[in-house]
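Listing of target.cif; format and content: mmCIF, C-alpha atoms (C1' of nucleotides).
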```cif
data_coords
#
loop_
_atom_site.label_atom_id
_atom_site.label_comp_id
_atom_site.auth_asym_id
_atom_site.auth_seq_id
_atom_site.Cartn_x
_atom_site.Cartn_y
_atom_site.Cartn_z
CA MET A 112 0.00 0.00 0.00
CA ASN A 113 1.63 3.22 -1.03
CA GLY A 114 -1.10 5.65 -0.15
CA GLN A 115 -1.49 6.91 -3.70
CA ARG A 116 -4.42 4.75 -4.72
CA PRO A 117 -6.85 2.47 -2.95
CA TYR A 118 -5.67 -0.51 -5.00
CA THR A 119 -2.28 -0.35 -6.52
CA ASN A 120 -2.21 -4.07 -6.75
CA ALA A 121 -3.30 -5.34 -10.13
CA LEU A 122 -4.87 -8.51 -8.77
CA GLU A 123 -6.98 -6.67 -6.20
CA LEU A 124 -8.02 -4.22 -8.83
CA LEU A 125 -9.28 -6.89 -11.19
CA ARG A 126 -11.05 -8.76 -8.41
CA ALA A 127 -12.83 -5.60 -7.35
CA ALA A 128 -13.87 -5.01 -10.95
CA GLN A 129 -15.15 -8.59 -11.30
CA LEU A 130 -12.77 -9.28 -14.14
CA ARG A 131 -10.90 -12.57 -14.35
CA PRO A 132 -7.27 -11.96 -13.61
CA THR A 133 -5.78 -13.18 -16.85
CA ARG A 134 -2.14 -12.79 -17.72
CA GLN A 135 -2.97 -10.04 -20.22
CA ARG A 136 -5.23 -8.06 -17.94
CA LEU A 137 -2.78 -8.28 -15.08
CA GLY A 138 0.08 -7.11 -17.24
CA LEU A 139 -1.87 -4.22 -18.72
CA ALA A 140 -3.19 -3.17 -15.31
CA ARG A 141 0.36 -3.05 -14.02
CA LEU A 142 1.54 -0.94 -16.92
CA LEU A 143 -1.39 1.40 -16.51
CA PHE A 144 -1.63 1.82 -12.78
CA GLU A 145 1.81 1.35 -11.37
CA LYS A 146 3.24 4.65 -12.44
CA GLY A 147 1.03 7.55 -11.54
CA ASP A 148 -1.47 9.32 -13.75
CA ARG A 149 -1.22 8.61 -17.44
CA HIS A 150 -2.94 9.30 -20.72
CA VAL A 151 -2.39 6.50 -23.20
CA SER A 152 -3.77 5.53 -26.54
CA ALA A 153 -4.53 1.88 -27.23
CA GLU A 154 -1.68 1.61 -29.65
CA ALA A 155 0.82 3.28 -27.34
CA LEU A 156 -0.12 0.86 -24.57
CA HIS A 157 0.23 -2.06 -26.92
CA ASP A 158 3.70 -0.93 -27.93
CA GLU A 159 4.63 -0.52 -24.32
CA ALA A 160 3.39 -4.00 -23.52
CA LEU A 161 5.40 -5.53 -26.35
CA ALA A 162 8.47 -3.60 -25.26
CA ALA A 163 8.01 -5.10 -21.80
CA GLN A 164 8.05 -8.59 -23.34
CA MET A 165 4.36 -9.21 -22.72
CA ARG A 166 2.52 -11.17 -25.35
CA VAL A 167 -0.79 -9.48 -25.95
CA SER A 168 -2.70 -8.60 -29.09
CA LEU A 169 -3.93 -5.16 -30.02
CA ALA A 170 -7.50 -6.49 -29.95
CA THR A 171 -7.06 -7.52 -26.34
CA VAL A 172 -5.64 -4.13 -25.48
CA TYR A 173 -8.80 -2.53 -26.87
CA ASN A 174 -11.05 -5.02 -25.09
CA THR A 175 -9.27 -4.52 -21.83
CA LEU A 176 -9.26 -0.74 -22.02
CA HIS A 177 -12.99 -0.73 -22.61
CA GLN A 178 -13.60 -3.16 -19.77
CA PHE A 179 -11.54 -0.95 -17.48
CA VAL A 180 -13.56 2.06 -18.54
CA GLY A 181 -16.75 0.12 -17.84
CA ALA A 182 -15.45 -0.77 -14.41
CA GLY A 183 -14.58 2.83 -13.64
CA LEU A 184 -10.85 2.18 -13.54
CA LEU A 185 -10.17 4.36 -16.56
CA ARG A 186 -11.78 7.31 -18.23
CA GLU A 187 -11.89 7.75 -21.97
CA VAL A 188 -10.92 11.18 -23.20
CA VAL A 189 -11.72 12.27 -26.74
CA ILE A 190 -10.02 15.36 -28.05
CA ASN A 191 -9.20 14.73 -31.65
CA SER A 192 -11.47 12.82 -33.81
CA GLY A 193 -9.74 9.61 -34.76
CA ARG A 194 -8.01 8.68 -31.55
CA SER A 195 -9.03 8.07 -27.97
CA TYR A 196 -6.92 8.52 -24.91
CA PHE A 197 -7.44 6.55 -21.75
CA ASP A 198 -6.83 8.42 -18.54
CA THR A 199 -5.87 6.60 -15.37
CA ASN A 200 -7.07 9.54 -13.34
CA VAL A 201 -10.77 8.92 -12.78
CA SER A 202 -11.30 11.61 -10.21
CA ASP A 203 -13.03 14.82 -11.10
CA HIS A 204 -10.62 16.82 -13.21
CA HIS A 205 -10.09 18.55 -16.53
CA HIS A 206 -7.42 18.85 -19.24
CA PHE A 207 -4.98 21.07 -20.98
CA PHE A 208 -4.50 19.93 -24.55
CA TYR A 209 -1.35 21.07 -26.34
CA GLU A 210 -2.47 21.33 -29.91
CA ALA A 211 0.85 20.97 -31.68
CA SER A 212 2.38 18.19 -29.62
CA GLY A 213 -0.87 16.40 -28.77
CA ARG A 214 0.08 16.27 -25.10
CA LEU A 215 -2.60 16.08 -22.45
CA LEU A 216 -2.15 17.45 -18.92
CA ASP A 217 -4.47 17.09 -15.96
CA ILE A 218 -6.04 20.02 -14.18
CA PRO A 219 -7.36 19.07 -10.75
CA GLY A 220 -11.13 19.44 -10.51
CA ASP A 221 -10.88 21.99 -7.75
CA ARG A 222 -8.57 24.26 -9.73
CA ILE A 223 -11.39 25.29 -12.07
CA ALA A 224 -14.86 26.38 -11.21
CA VAL A 225 -17.61 25.85 -13.73
CA THR A 226 -20.50 27.75 -12.28
CA ASN A 227 -24.01 28.58 -13.32
CA LEU A 228 -24.53 25.30 -15.14
CA PRO A 229 -27.88 25.50 -16.86
CA ALA A 230 -30.13 22.45 -16.63
CA PRO A 231 -30.24 20.32 -19.80
CA PRO A 232 -33.15 21.78 -21.82
CA GLU A 233 -34.39 18.39 -22.93
CA GLY A 234 -34.12 16.78 -19.52
CA GLY A 235 -31.78 14.03 -18.38
CA ALA A 236 -29.11 13.87 -15.71
CA ILE A 237 -25.68 15.39 -16.18
CA SER A 238 -23.23 12.52 -16.24
CA ARG A 239 -20.07 14.56 -16.58
CA VAL A 240 -18.72 17.99 -17.33
CA ASP A 241 -15.56 18.10 -19.40
CA VAL A 242 -13.44 21.19 -19.69
CA ILE A 243 -10.71 21.16 -22.29
CA ILE A 244 -8.32 24.06 -22.48
CA ARG A 245 -6.63 24.08 -25.86
CA VAL A 246 -3.14 25.50 -25.79
CA GLU A 247 -1.19 26.71 -28.80
CA ASP A 248 2.22 25.23 -28.37
CA SER A 249 4.98 25.29 -30.92
CA ALA A 250 6.36 21.83 -30.40
CA ASP A 251 8.38 20.41 -33.24
CA PRO A 252 6.12 18.34 -35.46
CA ALA A 253 8.43 15.34 -35.06
CA SER A 254 7.19 14.76 -31.53
CA ARG A 255 3.56 14.42 -32.56
CA ARG A 256 1.63 11.23 -32.23
CA MET B 347 -29.50 41.70 -44.25
CA ASN B 348 -31.57 40.03 -41.55
CA GLY B 349 -29.64 41.07 -38.49
CA GLN B 350 -28.82 37.52 -37.47
CA ARG B 351 -25.48 37.30 -39.14
CA PRO B 352 -23.16 39.75 -40.81
CA TYR B 353 -23.30 37.78 -44.08
CA THR B 354 -26.25 35.58 -44.71
CA ASN B 355 -25.50 35.69 -48.38
CA ALA B 356 -23.43 32.78 -49.58
CA LEU B 357 -21.60 34.74 -52.24
CA GLU B 358 -20.59 37.51 -49.86
CA LEU B 359 -19.49 34.94 -47.38
CA LEU B 360 -17.18 33.21 -49.81
CA ARG B 361 -15.79 36.48 -51.09
CA ALA B 362 -15.00 37.58 -47.56
CA ALA B 363 -13.28 34.25 -46.93
CA GLN B 364 -11.26 34.58 -50.16
CA LEU B 365 -12.66 31.36 -51.51
CA ARG B 366 -13.71 31.09 -55.13
CA PRO B 367 -17.46 30.94 -55.33
CA THR B 368 -17.83 27.60 -57.04
CA ARG B 369 -21.16 25.89 -57.51
CA GLN B 370 -20.35 23.37 -54.76
CA ARG B 371 -19.16 25.88 -52.22
CA LEU B 372 -22.11 28.15 -52.84
CA GLY B 373 -24.56 25.29 -52.44
CA LEU B 374 -22.95 23.97 -49.27
CA ALA B 375 -22.74 27.48 -47.79
CA ARG B 376 -26.46 27.92 -48.38
CA LEU B 377 -27.29 24.63 -46.74
CA LEU B 378 -25.10 25.44 -43.80
CA PHE B 379 -25.85 29.07 -43.14
CA GLU B 380 -29.37 29.72 -44.29
CA LYS B 381 -31.14 28.03 -41.46
CA GLY B 382 -29.85 29.10 -38.09
CA ASP B 383 -27.32 27.34 -35.92
CA ARG B 384 -26.55 23.77 -36.85
CA HIS B 385 -24.26 20.89 -35.96
CA VAL B 386 -23.62 18.67 -38.95
CA SER B 387 -21.32 15.80 -39.76
CA ALA B 388 -19.68 15.68 -43.17
CA GLU B 389 -21.76 12.73 -44.20
CA ALA B 390 -25.03 14.26 -43.03
CA LEU B 391 -24.28 17.41 -45.02
CA HIS B 392 -23.44 15.34 -48.06
CA ASP B 393 -26.74 13.46 -47.79
CA GLU B 394 -28.56 16.73 -47.44
CA ALA B 395 -26.86 18.13 -50.50
CA LEU B 396 -27.76 15.11 -52.57
CA ALA B 397 -31.33 15.27 -51.34
CA ALA B 398 -31.41 18.88 -52.52
CA GLN B 399 -30.34 17.74 -56.01
CA MET B 400 -26.86 19.23 -55.75
CA ARG B 401 -24.07 17.30 -57.38
CA VAL B 402 -21.14 17.27 -55.01
CA SER B 403 -18.78 14.56 -53.88
CA LEU B 404 -18.11 13.58 -50.30
CA ALA B 405 -14.47 14.56 -50.78
CA THR B 406 -15.53 18.06 -51.70
CA VAL B 407 -17.79 18.25 -48.68
CA TYR B 408 -14.80 17.43 -46.49
CA ASN B 409 -12.58 19.90 -48.31
CA THR B 410 -15.16 22.63 -48.05
CA LEU B 411 -15.91 22.06 -44.40
CA HIS B 412 -12.22 22.32 -43.57
CA GLN B 413 -11.82 25.43 -45.65
CA PHE B 414 -14.77 26.98 -43.85
CA VAL B 415 -13.23 26.09 -40.52
CA GLY B 416 -9.97 27.67 -41.66
CA ALA B 417 -11.84 30.81 -42.64
CA GLY B 418 -13.58 30.99 -39.28
CA LEU B 419 -17.02 30.32 -40.75
CA LEU B 420 -17.38 27.02 -38.91
CA ARG B 421 -16.05 25.45 -35.78
CA GLU B 422 -15.15 21.79 -35.53
CA VAL B 423 -16.49 20.02 -32.48
CA VAL B 424 -15.13 16.66 -31.42
CA ILE B 425 -17.08 14.70 -28.87
CA ASN B 426 -16.98 11.07 -29.85
CA SER B 427 -13.95 9.57 -31.27
CA GLY B 428 -14.65 8.66 -34.84
CA ARG B 429 -16.81 11.54 -35.99
CA SER B 430 -16.51 15.31 -36.19
CA TYR B 431 -19.34 17.77 -36.06
CA PHE B 432 -19.19 21.15 -37.69
CA ASP B 433 -20.92 23.95 -35.83
CA THR B 434 -22.20 27.00 -37.65
CA ASN B 435 -22.14 28.93 -34.41
CA VAL B 436 -18.63 30.33 -34.16
CA SER B 437 -19.27 32.66 -31.27
CA ASP B 438 -18.05 31.83 -27.79
CA HIS B 439 -20.28 29.04 -26.50
CA HIS B 440 -20.37 25.52 -25.13
CA HIS B 441 -22.34 22.30 -25.59
CA PHE B 442 -24.74 19.87 -24.10
CA PHE B 443 -24.14 16.41 -25.50
CA TYR B 444 -26.95 13.88 -25.21
CA GLU B 445 -25.09 10.61 -24.90
CA ALA B 446 -27.76 8.23 -26.12
CA SER B 447 -29.10 10.20 -29.05
CA GLY B 448 -25.84 11.90 -30.01
CA ARG B 449 -27.57 15.29 -30.13
CA LEU B 450 -25.61 18.46 -29.56
CA LEU B 451 -27.15 21.63 -28.14
CA ASP B 452 -25.55 25.04 -27.78
CA ILE B 453 -25.06 26.79 -24.48
CA PRO B 454 -24.40 30.50 -24.90
CA GLY B 455 -20.95 31.47 -23.68
CA ASP B 456 -22.32 33.85 -21.11
CA ARG B 457 -24.54 31.21 -19.50
CA ILE B 458 -21.55 29.43 -18.01
CA ALA B 459 -18.67 30.86 -16.11
CA VAL B 460 -15.36 29.04 -16.16
CA THR B 461 -13.33 30.83 -13.58
CA ASN B 462 -9.95 30.47 -12.03
CA LEU B 463 -8.36 29.15 -15.20
CA PRO B 464 -4.82 28.15 -14.35
CA ALA B 465 -2.09 29.16 -16.78
CA PRO B 466 -0.81 26.33 -18.98
CA PRO B 467 2.12 24.83 -17.03
CA GLU B 468 4.25 24.37 -20.11
CA GLY B 469 3.54 27.79 -21.53
CA GLY B 470 1.66 28.71 -24.68
CA ALA B 471 -1.45 30.75 -25.29
CA ILE B 472 -4.93 29.42 -24.65
CA SER B 473 -6.64 29.16 -28.00
CA ARG B 474 -10.01 27.96 -26.76
CA VAL B 475 -11.84 26.60 -23.77
CA ASP B 476 -14.39 23.90 -24.50
CA VAL B 477 -16.99 22.88 -21.98
CA ILE B 478 -19.00 19.77 -22.79
CA ILE B 479 -21.83 18.79 -20.51
CA ARG B 480 -22.67 15.15 -21.06
CA VAL B 481 -26.29 14.31 -20.45
CA GLU B 482 -27.66 10.83 -19.92
CA ASP B 483 -30.70 10.66 -22.09
CA SER B 484 -32.70 7.56 -22.79
CA ALA B 485 -33.45 8.14 -26.43
CA ASP B 486 -34.34 5.07 -28.43
CA PRO B 487 -31.22 3.72 -30.08
CA ALA B 488 -32.90 3.91 -33.49
CA SER B 489 -32.56 7.68 -33.54
CA ARG B 490 -28.79 7.62 -33.14
CA ARG B 491 -26.41 8.84 -35.75
"C1'" DT C 1279 -6.31 -33.71 -9.85
"C1'" DG C 1280 -8.84 -33.71 -14.34
"C1'" DG C 1281 -12.02 -32.71 -17.26
"C1'" DA C 1282 -16.05 -29.85 -18.66
"C1'" DT C 1283 -17.53 -25.35 -19.40
"C1'" DA C 1284 -17.53 -20.67 -20.06
"C1'" DA C 1285 -14.70 -16.72 -20.47
"C1'" DT C 1286 -10.89 -14.83 -22.85
"C1'" DT C 1287 -7.55 -14.16 -26.35
"C1'" DT C 1288 -6.08 -13.94 -30.93
"C1'" DA C 1289 -5.14 -13.43 -35.95
"C1'" DT C 1290 -7.47 -11.80 -39.38
"C1'" DA C 1291 -10.94 -9.64 -41.87
"C1'" DA C 1292 -14.24 -6.01 -41.88
"C1'" DT C 1293 -15.82 -1.34 -41.04
"C1'" DC C 1294 -15.98 3.53 -40.76
"C1'" DA C 1295 -14.64 8.16 -41.12
"C1'" DT C 1296 -11.39 10.63 -43.27
"C1'" DT C 1297 -7.51 11.80 -46.42
"C1'" DC C 1298 -4.84 11.20 -50.60
"C1'" DT C 1299 -4.07 11.01 -55.60
"C1'" DA C 1300 -4.03 12.05 -60.15
"C1'" DA C 1301 -6.95 13.13 -63.76
"C1'" DA C 1302 -10.83 15.90 -65.38
"C1'" DC C 1303 -13.10 20.18 -64.99
"C1'" DT C 1304 -14.04 25.20 -64.18
"C1'" DG C 1305 -13.39 30.06 -62.79
"C1'" DT C 1306 -10.57 33.90 -63.71
"C1'" DT C 1307 -7.53 36.86 -66.00
"C1'" DG C 1308 -5.52 38.95 -69.86
"C1'" DC D 732 -11.04 32.80 -76.19
"C1'" DA D 733 -6.73 30.70 -74.45
"C1'" DA D 734 -4.06 29.56 -70.70
"C1'" DC D 735 -3.42 28.68 -66.10
"C1'" DA D 736 -4.29 28.05 -61.45
"C1'" DG D 737 -7.64 26.53 -58.50
"C1'" DT D 738 -11.23 23.04 -57.75
"C1'" DT D 739 -13.67 18.83 -58.00
"C1'" DT D 740 -13.94 14.04 -58.37
"C1'" DA D 741 -13.89 8.83 -58.28
"C1'" DG D 742 -11.56 5.73 -56.36
"C1'" DA D 743 -7.80 4.01 -53.71
"C1'" DA D 744 -5.39 4.39 -49.39
"C1'" DT D 745 -5.07 5.07 -44.48
"C1'" DG D 746 -5.64 4.61 -39.60
"C1'" DA D 747 -8.21 3.62 -35.67
"C1'" DT D 748 -11.35 0.61 -34.07
"C1'" DT D 749 -14.61 -3.41 -34.00
"C1'" DA D 750 -16.29 -7.99 -35.44
"C1'" DT D 751 -15.57 -12.95 -36.21
"C1'" DA D 752 -14.64 -17.46 -35.38
"C1'" DA D 753 -11.26 -20.61 -33.87
"C1'" DA D 754 -7.83 -21.61 -30.30
"C1'" DT D 755 -6.53 -21.01 -25.57
"C1'" DT D 756 -7.08 -20.55 -20.63
"C1'" DA D 757 -9.25 -19.85 -16.03
"C1'" DT D 758 -12.50 -21.71 -12.97
"C1'" DC D 759 -15.46 -25.03 -11.04
"C1'" DC D 760 -16.76 -29.25 -9.41
"C1'" DA D 761 -16.69 -34.24 -9.22
#
```

Represent the structure of the file as structure tokens.
Amino acid sequence: MNGQRPYTNALELLRAAQLRPTRQRLGLARLLFEKGDRHVSAEALHDEALAAQMRVSLATVYNTLHQFVGAGLLREVVINSGRSYFDTNVSDHHHFFYEASGRLLDIPGDRIAVTNLPAPPEGGAISRVDVIIRVEDSADPASRR
Amino acid sequence: MNGQRPYTNALELLRAAQLRPTRQRLGLARLLFEKGDRHVSAEALHDEALAAQMRVSLATVYNTLHQFVGAGLLREVVINSGRSYFDTNVSDHHHFFYEASGRLLDIPGDRIAVTNLPAPPEGGAISRVDVIIRVEDSADPASRR
DNA sequence: TGGATAATTTATAATCATTCTAAACTGTTG
DNA sequence: CAACAGTTTAGAATGATTATAAATTATCCA
């Protein structure tokens, strides 16, 4: 227990989420949750897994990411059309998005106040409020992804 | 001049944007700007154009939409990965997103206050702040698109 | 412990929105 | 009207993601 997260342990995490602790899910959970807050794309996570000598297919990476989102372990963040990011920070927070480099940075939920929220005109409960602050950076195009 | 928009006229609009007034661009501009604020996908606009007897290819619809975005006539809104919406409202405002039906509704910029914006930690100017309020609706799945 | 069974994984094909390409077409300018 | 640049187009290509169907693996219970 390191105090950072209720369950840093991959096995615990999967048990709590009612997901069978398979080799692939365990490995991916470790990559995702054992190093602080991250924003990864499916493909980036797959590459990382292969680099760490895990054998896992891209299809399984997608399946697993979606299961983790369903279980509330991850949050899916959509900024650009075409690619999703998965955020290991599931607490209330927002994002800076650096347009040139594609980097995503967390903003703690209590650093921004969104006030005066009108009620949805057509009814329905608010499930989430996303604030994305787009930042013009001048990163070299080579670092994009 | 109807007071709603500086240029309701498609030809004026294209001239001001320094885009040659071709048959396709004129037709698409009319569809887009002659009926109040809209959120359209490229494919939906293409369908609409065909239904209105215009001859225009999907590639041209994409080209034109991007040119209009570049000229500040449209704003691109990304909510779901996989599909972009183009918003004819380019003034400062935000969105309700109805998760089940996929509908997008404007929220005037002055109806919401986003205060306390932190400065981007890595520098760079803020180009835009997007607020998306996700609403759980229970629309029948048939009406999705 | 050893199947039986259901869940999971996987390679591969399929899909979908979008972009690219190169050739045909059209608006503009002289 | 000719010439040229700008535009459009069909169709192919791309890139992320999802579906499929067969092979593998975890779990359960005798």

Within 9 Å of chain D, which residues of chain B show up when using only C-alpha atoms (C1' of nucleotides), listed as JSON, numbers by chain?
-> {"B": [366, 368, 370, 402, 403, 405, 406, 428]}

Transformed chain B, reference chain A, in-order C-alpha pairing, as a short mmCIF file (atom, residue, chain, number, x, y, z; two decimals) with C-alpha atoms, in the frame of the given file:
```
data_model
loop_
_atom_site.label_atom_id
_atom_site.label_comp_id
_atom_site.auth_asym_id
_atom_site.auth_seq_id
_atom_site.Cartn_x
_atom_site.Cartn_y
_atom_site.Cartn_z
CA MET B 347 -0.52 0.14 0.24
CA ASN B 348 1.19 3.37 -0.76
CA GLY B 349 -1.55 5.84 -0.02
CA GLN B 350 -1.81 7.03 -3.60
CA ARG B 351 -4.56 4.74 -4.68
CA PRO B 352 -6.91 2.38 -2.92
CA TYR B 353 -5.62 -0.57 -4.99
CA THR B 354 -2.21 -0.34 -6.48
CA ASN B 355 -2.12 -4.07 -6.75
CA ALA B 356 -3.20 -5.36 -10.12
CA LEU B 357 -4.75 -8.54 -8.79
CA GLU B 358 -6.84 -6.72 -6.20
CA LEU B 359 -7.90 -4.27 -8.81
CA LEU B 360 -9.18 -6.93 -11.16
CA ARG B 361 -10.91 -8.80 -8.37
CA ALA B 362 -12.69 -5.65 -7.29
CA ALA B 363 -13.76 -5.04 -10.89
CA GLN B 364 -15.02 -8.64 -11.21
CA LEU B 365 -12.70 -9.32 -14.09
CA ARG B 366 -10.83 -12.60 -14.32
CA PRO B 367 -7.18 -12.00 -13.61
CA THR B 368 -5.74 -13.23 -16.86
CA ARG B 369 -2.10 -12.82 -17.78
CA GLN B 370 -2.96 -10.05 -20.27
CA ARG B 371 -5.19 -8.09 -17.96
CA LEU B 372 -2.73 -8.32 -15.11
CA GLY B 373 0.11 -7.12 -17.30
CA LEU B 374 -1.85 -4.23 -18.78
CA ALA B 375 -3.13 -3.21 -15.33
CA ARG B 376 0.45 -3.06 -14.08
CA LEU B 377 1.57 -0.94 -16.99
CA LEU B 378 -1.35 1.38 -16.55
CA PHE B 379 -1.56 1.79 -12.81
CA GLU B 380 1.91 1.33 -11.43
CA LYS B 381 3.31 4.63 -12.51
CA GLY B 382 1.10 7.53 -11.58
CA ASP B 383 -1.42 9.30 -13.75
CA ARG B 384 -1.19 8.61 -17.45
CA HIS B 385 -2.95 9.31 -20.72
CA VAL B 386 -2.41 6.50 -23.19
CA SER B 387 -3.81 5.54 -26.56
CA ALA B 388 -4.57 1.89 -27.24
CA GLU B 389 -1.74 1.63 -29.69
CA ALA B 390 0.78 3.29 -27.38
CA LEU B 391 -0.15 0.87 -24.60
CA HIS B 392 0.18 -2.05 -26.98
CA ASP B 393 3.65 -0.90 -28.03
CA GLU B 394 4.61 -0.53 -24.41
CA ALA B 395 3.39 -4.01 -23.62
CA LEU B 396 5.35 -5.51 -26.46
CA ALA B 397 8.43 -3.60 -25.41
CA ALA B 398 8.01 -5.11 -21.95
CA GLN B 399 8.02 -8.60 -23.50
CA MET B 400 4.34 -9.23 -22.84
CA ARG B 401 2.46 -11.19 -25.45
CA VAL B 402 -0.85 -9.49 -26.02
CA SER B 403 -2.78 -8.59 -29.14
CA LEU B 404 -4.01 -5.14 -30.04
CA ALA B 405 -7.57 -6.47 -29.96
CA THR B 406 -7.10 -7.51 -26.36
CA VAL B 407 -5.67 -4.13 -25.49
CA TYR B 408 -8.84 -2.53 -26.85
CA ASN B 409 -11.06 -5.02 -25.07
CA THR B 410 -9.25 -4.52 -21.80
CA LEU B 411 -9.24 -0.75 -21.98
CA HIS B 412 -12.99 -0.74 -22.53
CA GLN B 413 -13.56 -3.17 -19.72
CA PHE B 414 -11.49 -0.97 -17.43
CA VAL B 415 -13.52 2.04 -18.47
CA GLY B 416 -16.69 0.09 -17.75
CA ALA B 417 -15.36 -0.81 -14.32
CA GLY B 418 -14.50 2.80 -13.56
CA LEU B 419 -10.76 2.16 -13.50
CA LEU B 420 -10.13 4.37 -16.52
CA ARG B 421 -11.77 7.30 -18.17
CA GLU B 422 -11.90 7.74 -21.92
CA VAL B 423 -10.94 11.17 -23.16
CA VAL B 424 -11.76 12.28 -26.68
CA ILE B 425 -10.06 15.37 -27.99
CA ASN B 426 -9.16 14.78 -31.60
CA SER B 427 -11.41 12.92 -33.83
CA GLY B 428 -9.74 9.69 -34.75
CA ARG B 429 -8.04 8.72 -31.52
CA SER B 430 -9.08 8.07 -27.94
CA TYR B 431 -6.94 8.52 -24.89
CA PHE B 432 -7.44 6.55 -21.73
CA ASP B 433 -6.81 8.42 -18.51
CA THR B 434 -5.83 6.59 -15.35
CA ASN B 435 -7.02 9.53 -13.31
CA VAL B 436 -10.72 8.90 -12.75
CA SER B 437 -11.25 11.60 -10.17
CA ASP B 438 -13.02 14.82 -11.07
CA HIS B 439 -10.60 16.83 -13.19
CA HIS B 440 -10.08 18.55 -16.51
CA HIS B 441 -7.41 18.85 -19.21
CA PHE B 442 -4.95 21.05 -20.94
CA PHE B 443 -4.47 19.93 -24.51
CA TYR B 444 -1.33 21.06 -26.31
CA GLU B 445 -2.47 21.32 -29.90
CA ALA B 446 0.85 20.94 -31.66
CA SER B 447 2.36 18.16 -29.60
CA GLY B 448 -0.88 16.37 -28.76
CA ARG B 449 0.07 16.25 -25.07
CA LEU B 450 -2.59 16.07 -22.41
CA LEU B 451 -2.12 17.43 -18.90
CA ASP B 452 -4.45 17.09 -15.93
CA ILE B 453 -6.03 20.02 -14.16
CA PRO B 454 -7.35 19.08 -10.73
CA GLY B 455 -11.11 19.45 -10.52
CA ASP B 456 -10.90 21.99 -7.75
CA ARG B 457 -8.59 24.29 -9.71
CA ILE B 458 -11.39 25.31 -12.04
CA ALA B 459 -14.86 26.41 -11.21
CA VAL B 460 -17.61 25.87 -13.74
CA THR B 461 -20.50 27.77 -12.33
CA ASN B 462 -23.99 28.61 -13.37
CA LEU B 463 -24.50 25.34 -15.20
CA PRO B 464 -27.85 25.54 -16.94
CA ALA B 465 -30.11 22.50 -16.72
CA PRO B 466 -30.23 20.39 -19.89
CA PRO B 467 -33.14 21.84 -21.91
CA GLU B 468 -34.37 18.45 -23.02
CA GLY B 469 -34.10 16.86 -19.61
CA GLY B 470 -31.80 14.09 -18.46
CA ALA B 471 -29.14 13.92 -15.80
CA ILE B 472 -25.69 15.41 -16.25
CA SER B 473 -23.26 12.53 -16.30
CA ARG B 474 -20.08 14.56 -16.62
CA VAL B 475 -18.72 17.99 -17.35
CA ASP B 476 -15.56 18.09 -19.43
CA VAL B 477 -13.44 21.19 -19.68
CA ILE B 478 -10.68 21.15 -22.28
CA ILE B 479 -8.30 24.05 -22.46
CA ARG B 480 -6.60 24.07 -25.83
CA VAL B 481 -3.12 25.51 -25.78
CA GLU B 482 -1.20 26.67 -28.81
CA ASP B 483 2.22 25.21 -28.40
CA SER B 484 4.94 25.27 -30.99
CA ALA B 485 6.35 21.82 -30.46
CA ASP B 486 8.30 20.38 -33.35
CA PRO B 487 5.99 18.27 -35.47
CA ALA B 488 8.31 15.29 -35.09
CA SER B 489 7.20 14.77 -31.51
CA ARG B 490 3.54 14.38 -32.41
CA ARG B 491 1.61 11.22 -31.92
#
```

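For the choices B:Ser427, B:Leu374, B:Glu394, B:His412, the atom-to-atom distance to DA1295 of chain C is smallest for B:Ser427 when using all atoms listed in the file.
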
Got a sec to resolve the PyMOL selection byres ((chain C) within 10 of (chain A)) on this structure and send the residues as a list in words?
-> DA1285, DT1286, DT1287, DT1288, DA1289, DA1295 and DT1296 of chain C

Written as a list in words, what is the full residue list that the PyMOL selection byres ((chain B) within 6 of (chain A)) yields on the file shown?
-> Val424, Ser427, Gly428, Arg429, Ile458, Ala459, Val460, Thr461, Asn462, Leu463, Gly470, Ala471, Ile472, Ser473, Arg474, Val475, Asp476, Val477, Ile478, Ile479, Arg480, Val481, Glu482 and Asp483 of chain B

Provide the atom CA of Gly183 of chain A to atom CA of Ala128 of chain A distance in Å, to one decimal place.
->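 Atom-to-atom, atom CA of Gly183 of chain A and atom CA of Ala128 of chain A are spaced 8.3 Å apart.
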
Hey, can you check how far atom CA of Arg369 of chain B sits from atom CA of Phe432 of chain B?
->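 Atom-to-atom, atom CA of Arg369 of chain B to atom CA of Phe432 of chain B, that is 20.5 Å.
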
Could you check how far atom CA of Ser437 of chain B sits from atom CA of Leu419 of chain B, in Å to one decimal?
->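 For atom CA of Ser437 of chain B relative to atom CA of Leu419 of chain B, the distance reads 10.0 Å.
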
For segment 1284-1294 of chain C, take all atoms listed in the file, fit an axis-aligned box around them, add 3 Å to each of the six sides, then output centre and edge lengths in Å rounded to one decimal, as AutoDock Vina command-line options.
```
--center_x -11.3 --center_y -8.6 --center_z -31.0 --size_x 18.4 --size_y 30.2 --size_z 27.8
```
